[in-house]
Amino acid sequence: MIITIDGPIATGKSTIAKKLANEIGYIYFDTGAMYRSLTYALMKQKIDLDNQDAIKEFLNHFDLNIKIKPGLRRYFVNGEDTTDFIRAPDVTANVSKVSALPFVREKLVHLQRELAKGVNSVFEGRDMGTIVFPDADFKIFLTGRPEVRAKRRYDELLQKFPEQMKGVTLEQCLSDINARDEYDMKREASPLIKADDAYEVDTSDISPDEVVFKILEIRDSRKTRLRHENSKK
Ligand code: DC
């Protein structure tokens, strides 16, 4: 069974996906973290992100390993633990560019489908319900007002990276997330878009627990409806 959660930046995707997975005993996968790990590894190797041949060459021996323990998740690239670095502002500034490359997506989409084999999972990202798992059992698309999302992201970054956030304003954060969302929505390869059969949930004014509750409610009423429709056939 696969549940997908897509949506723009700071709609609470990771928090919600994690909580939902915990609640129903599924494994949760954060696919943004995979694109971030690759971006970090490329930057660490000082690979020019405009040099597609060099990125392709790196991908030939790119080995991404996710170590999952209860409450703990670490991302290793070619043996190096990248987890503590992938959310830093410099990686964030470059990840949209790397994740827009079709050959990068091909590689990571393949890996995501492999990870889904034989497990009940919640996959969170941008193209989970549209491209990676178009036949997923249940799809959610999270939304939120840009000002609310910018404040969330600003507070989170301030807490995690106080040094790098010195002088950065909330307004800058808002224009940054708007620019990144627009880039993700307008790119040619797998743009961020709501799948036709995804359920939309606005997270602006409700807590993560309430969002999860709402998702479970939608899932249950959908199950009841499908059962009812099947019994009429
Ligand atoms: O969710 P996030 O902010 O950690 O995602 C980081 C970047 O990766 C973001 O710019 C969009 C991109 N991404 C993507 O293109 N496809 C995914 N499935 C997940 C993330």
# chains A, B, ... in the order shown; residues from 1 in each chain; ligands from 1

$ select_by_dssp --residues "range 13-203 of chain A" --states "strand (DSSP E or B)" --output "PyMOL selection string"
chain A and resi 27-30+64-69+72-77+80-81+121-125+138-143+199-202

$ residues_near_ligand --ligand "ligand 1" --cutoff "8 Å" --atoms "only C-alpha atoms and all ligand atoms" --output "PyMOL selection string"
chain A and resi 6+8-10+13-14+30-36+87+92+95-97+99-100+105+124-128+180-181+184+190-192

$ residues_around --residues "Thr83 in chain A" --least-positions-apart "4" --cutoff "8 Å" --atoms "only C-alpha atoms" --output "MDAnalysis selection string"
chainID A and resid 37 74:76

$ write_last_selection --atoms "C-alpha atoms" --output "PDB file, in the first residue's frame"
ATOM      1  CA  SER A  37      21.736  14.567  -0.415  1.00  0.00           C
ATOM      2  CA  ARG A  74      20.242   9.091   8.151  1.00  0.00           C
ATOM      3  CA  TYR A  75      21.125   9.667   4.493  1.00  0.00           C
ATOM      4  CA  PHE A  76      24.474   8.323   3.275  1.00  0.00           C
TER       5      PHE A  76
END

$ residues_around --residues "Phe141 in chain A" --least-positions-apart "5" --cutoff "7 Å" --atoms "only C-alpha atoms" --output "number ranges by chain"
A: 5-7, 194, 198-201

$ write_last_selection --atoms "N, CA and C atoms" --output "PDB file, in the first residue's frame"
ATOM      1  N   ILE A   5       2.162  12.039  -0.573  1.00  0.00           N
ATOM      2  CA  ILE A   5       1.882  13.396  -0.090  1.00  0.00           C
ATOM      3  C   ILE A   5       2.745  14.361  -0.895  1.00  0.00           C
ATOM      4  N   ASP A   6       2.113  15.217  -1.667  1.00  0.00           N
ATOM      5  CA  ASP A   6       2.840  16.226  -2.436  1.00  0.00           C
ATOM      6  C   ASP A   6       2.387  17.617  -2.006  1.00  0.00           C
ATOM      7  N   GLY A   7       3.155  18.618  -2.456  1.00  0.00           N
ATOM      8  CA  GLY A   7       2.752  19.987  -2.157  1.00  0.00           C
ATOM      9  C   GLY A   7       3.944  20.916  -2.171  1.00  0.00           C
ATOM     10  N   LYS A 194      -0.831  19.079  -8.736  1.00  0.00           N
ATOM     11  CA  LYS A 194      -1.722  18.183  -7.981  1.00  0.00           C
ATOM     12  C   LYS A 194      -2.239  17.093  -8.922  1.00  0.00           C
ATOM     13  N   ALA A 198      -5.910  13.381  -6.353  1.00  0.00           N
ATOM     14  CA  ALA A 198      -5.384  13.670  -5.006  1.00  0.00           C
ATOM     15  C   ALA A 198      -6.389  14.506  -4.217  1.00  0.00           C
ATOM     16  N   TYR A 199      -6.392  14.314  -2.906  1.00  0.00           N
ATOM     17  CA  TYR A 199      -7.253  15.108  -2.028  1.00  0.00           C
ATOM     18  C   TYR A 199      -6.446  16.286  -1.499  1.00  0.00           C
ATOM     19  N   GLU A 200      -7.019  17.477  -1.611  1.00  0.00           N
ATOM     20  CA  GLU A 200      -6.289  18.673  -1.186  1.00  0.00           C
ATOM     21  C   GLU A 200      -6.616  19.020   0.270  1.00  0.00           C
ATOM     22  N   VAL A 201      -5.574  19.315   1.040  1.00  0.00           N
ATOM     23  CA  VAL A 201      -5.776  19.719   2.435  1.00  0.00           C
ATOM     24  C   VAL A 201      -4.979  20.994   2.681  1.00  0.00           C
TER      25      VAL A 201
END

$ residues_around --residues "range 110-121 of chain A" --least-positions-apart "3" --cutoff "8 Å" --atoms "only C-alpha atoms" --output "tab-separated table (two decimals) with C-alpha atoms, in the first residue's frame"
chain	number	residue	atom	x	y	z
A	1	MET	CA	0.00	0.00	0.00
A	2	ILE	CA	1.42	3.41	-1.01
A	3	ILE	CA	0.21	6.79	0.22
A	21	ALA	CA	3.25	6.90	8.90
A	26	TYR	CA	3.91	2.59	7.55
A	27	ILE	CA	7.46	3.54	6.55
A	28	TYR	CA	7.92	7.17	5.61
A	29	PHE	CA	10.19	8.38	2.78
A	31	THR	CA	12.21	12.28	-1.34
A	106	GLU	CA	15.27	9.31	-13.72
A	107	LYS	CA	17.87	7.96	-11.33
A	132	VAL	CA	6.53	8.25	-9.39
A	133	PHE	CA	3.43	6.43	-8.11

$ residues_around --residues "range 150-164 of chain A" --least-positions-apart "2" --cutoff "7 Å" --atoms "only C-alpha atoms" --output "PyMOL selection string"
chain A and resi 10+146-148+166+170+173-174+177

$ write_last_selection --atoms "N, CA, C and O atoms" --output "short mmCIF file (atom, residue, chain, number, x, y, z; two decimals), in the first residue's frame"
data_model
loop_
_atom_site.label_atom_id
_atom_site.label_comp_id
_atom_site.auth_asym_id
_atom_site.auth_seq_id
_atom_site.Cartn_x
_atom_site.Cartn_y
_atom_site.Cartn_z
N ALA A 10 7.13 24.05 2.70
CA ALA A 10 6.65 24.43 4.04
C ALA A 10 5.13 24.32 4.20
O ALA A 10 4.52 25.11 4.91
N PRO A 146 0.95 31.46 1.41
CA PRO A 146 2.38 31.73 1.35
C PRO A 146 2.94 32.41 2.60
O PRO A 146 4.02 32.04 3.07
N GLU A 147 2.20 33.34 3.21
CA GLU A 147 2.72 34.06 4.39
C GLU A 147 2.90 33.09 5.56
O GLU A 147 3.87 33.20 6.32
N VAL A 148 1.95 32.17 5.69
CA VAL A 148 2.04 31.20 6.79
C VAL A 148 3.23 30.27 6.56
O VAL A 148 4.02 29.97 7.46
N LYS A 166 21.63 35.17 9.95
CA LYS A 166 21.82 36.55 10.40
C LYS A 166 21.56 37.51 9.25
O LYS A 166 22.13 37.36 8.16
N LEU A 170 12.07 37.95 7.15
CA LEU A 170 10.90 37.13 6.83
C LEU A 170 10.47 37.39 5.38
O LEU A 170 10.08 36.47 4.65
N CYS A 173 12.53 35.47 3.06
CA CYS A 173 12.14 34.06 3.12
C CYS A 173 10.90 33.84 2.25
O CYS A 173 10.82 32.86 1.51
N LEU A 174 9.95 34.78 2.33
CA LEU A 174 8.73 34.67 1.54
C LEU A 174 9.06 34.72 0.04
O LEU A 174 8.58 33.89 -0.75
N ILE A 177 10.74 31.39 -1.01
CA ILE A 177 9.89 30.20 -1.19
C ILE A 177 8.97 30.39 -2.40
O ILE A 177 8.69 29.44 -3.12
#

$ residues_around --residues "range 47-64 of chain A" --least-positions-apart "4" --cutoff "6 Å" --atoms "only C-alpha atoms" --output "list in words"
Leu42, Met43, Phe76, Val77 and Asn78 of chain A

$ atom_distance --atom1 "CA of Lys214 in chain A" --atom2 "CA of Asp197 in chain A"
16.8 Å

$ closest_residue --among "A:Tyr40, A:Leu108, A:Ile140, A:Lys69" --to "Ala93 in chain A" --atoms "only C-alpha atoms"
A:Tyr40

$ select_by_dssp --residues "range 2-221 of chain A" --states "alpha helix (DSSP H)" --output "VMD selection string"
chain A and resid 13 to 24 31 to 44 52 to 60 89 to 99 102 to 116 146 to 160 170 to 186 208 to 221

$ atom_distance --atom1 "CA of Pro70 in chain A" --atom2 "CA of Phe85 in chain A"
20.9 Å

$ closest_residue --among "A:Ile193, A:Ile218, A:Ala41, A:Ala17" --to "Asn94 in chain A" --atoms "only C-alpha atoms"
A:Ala41
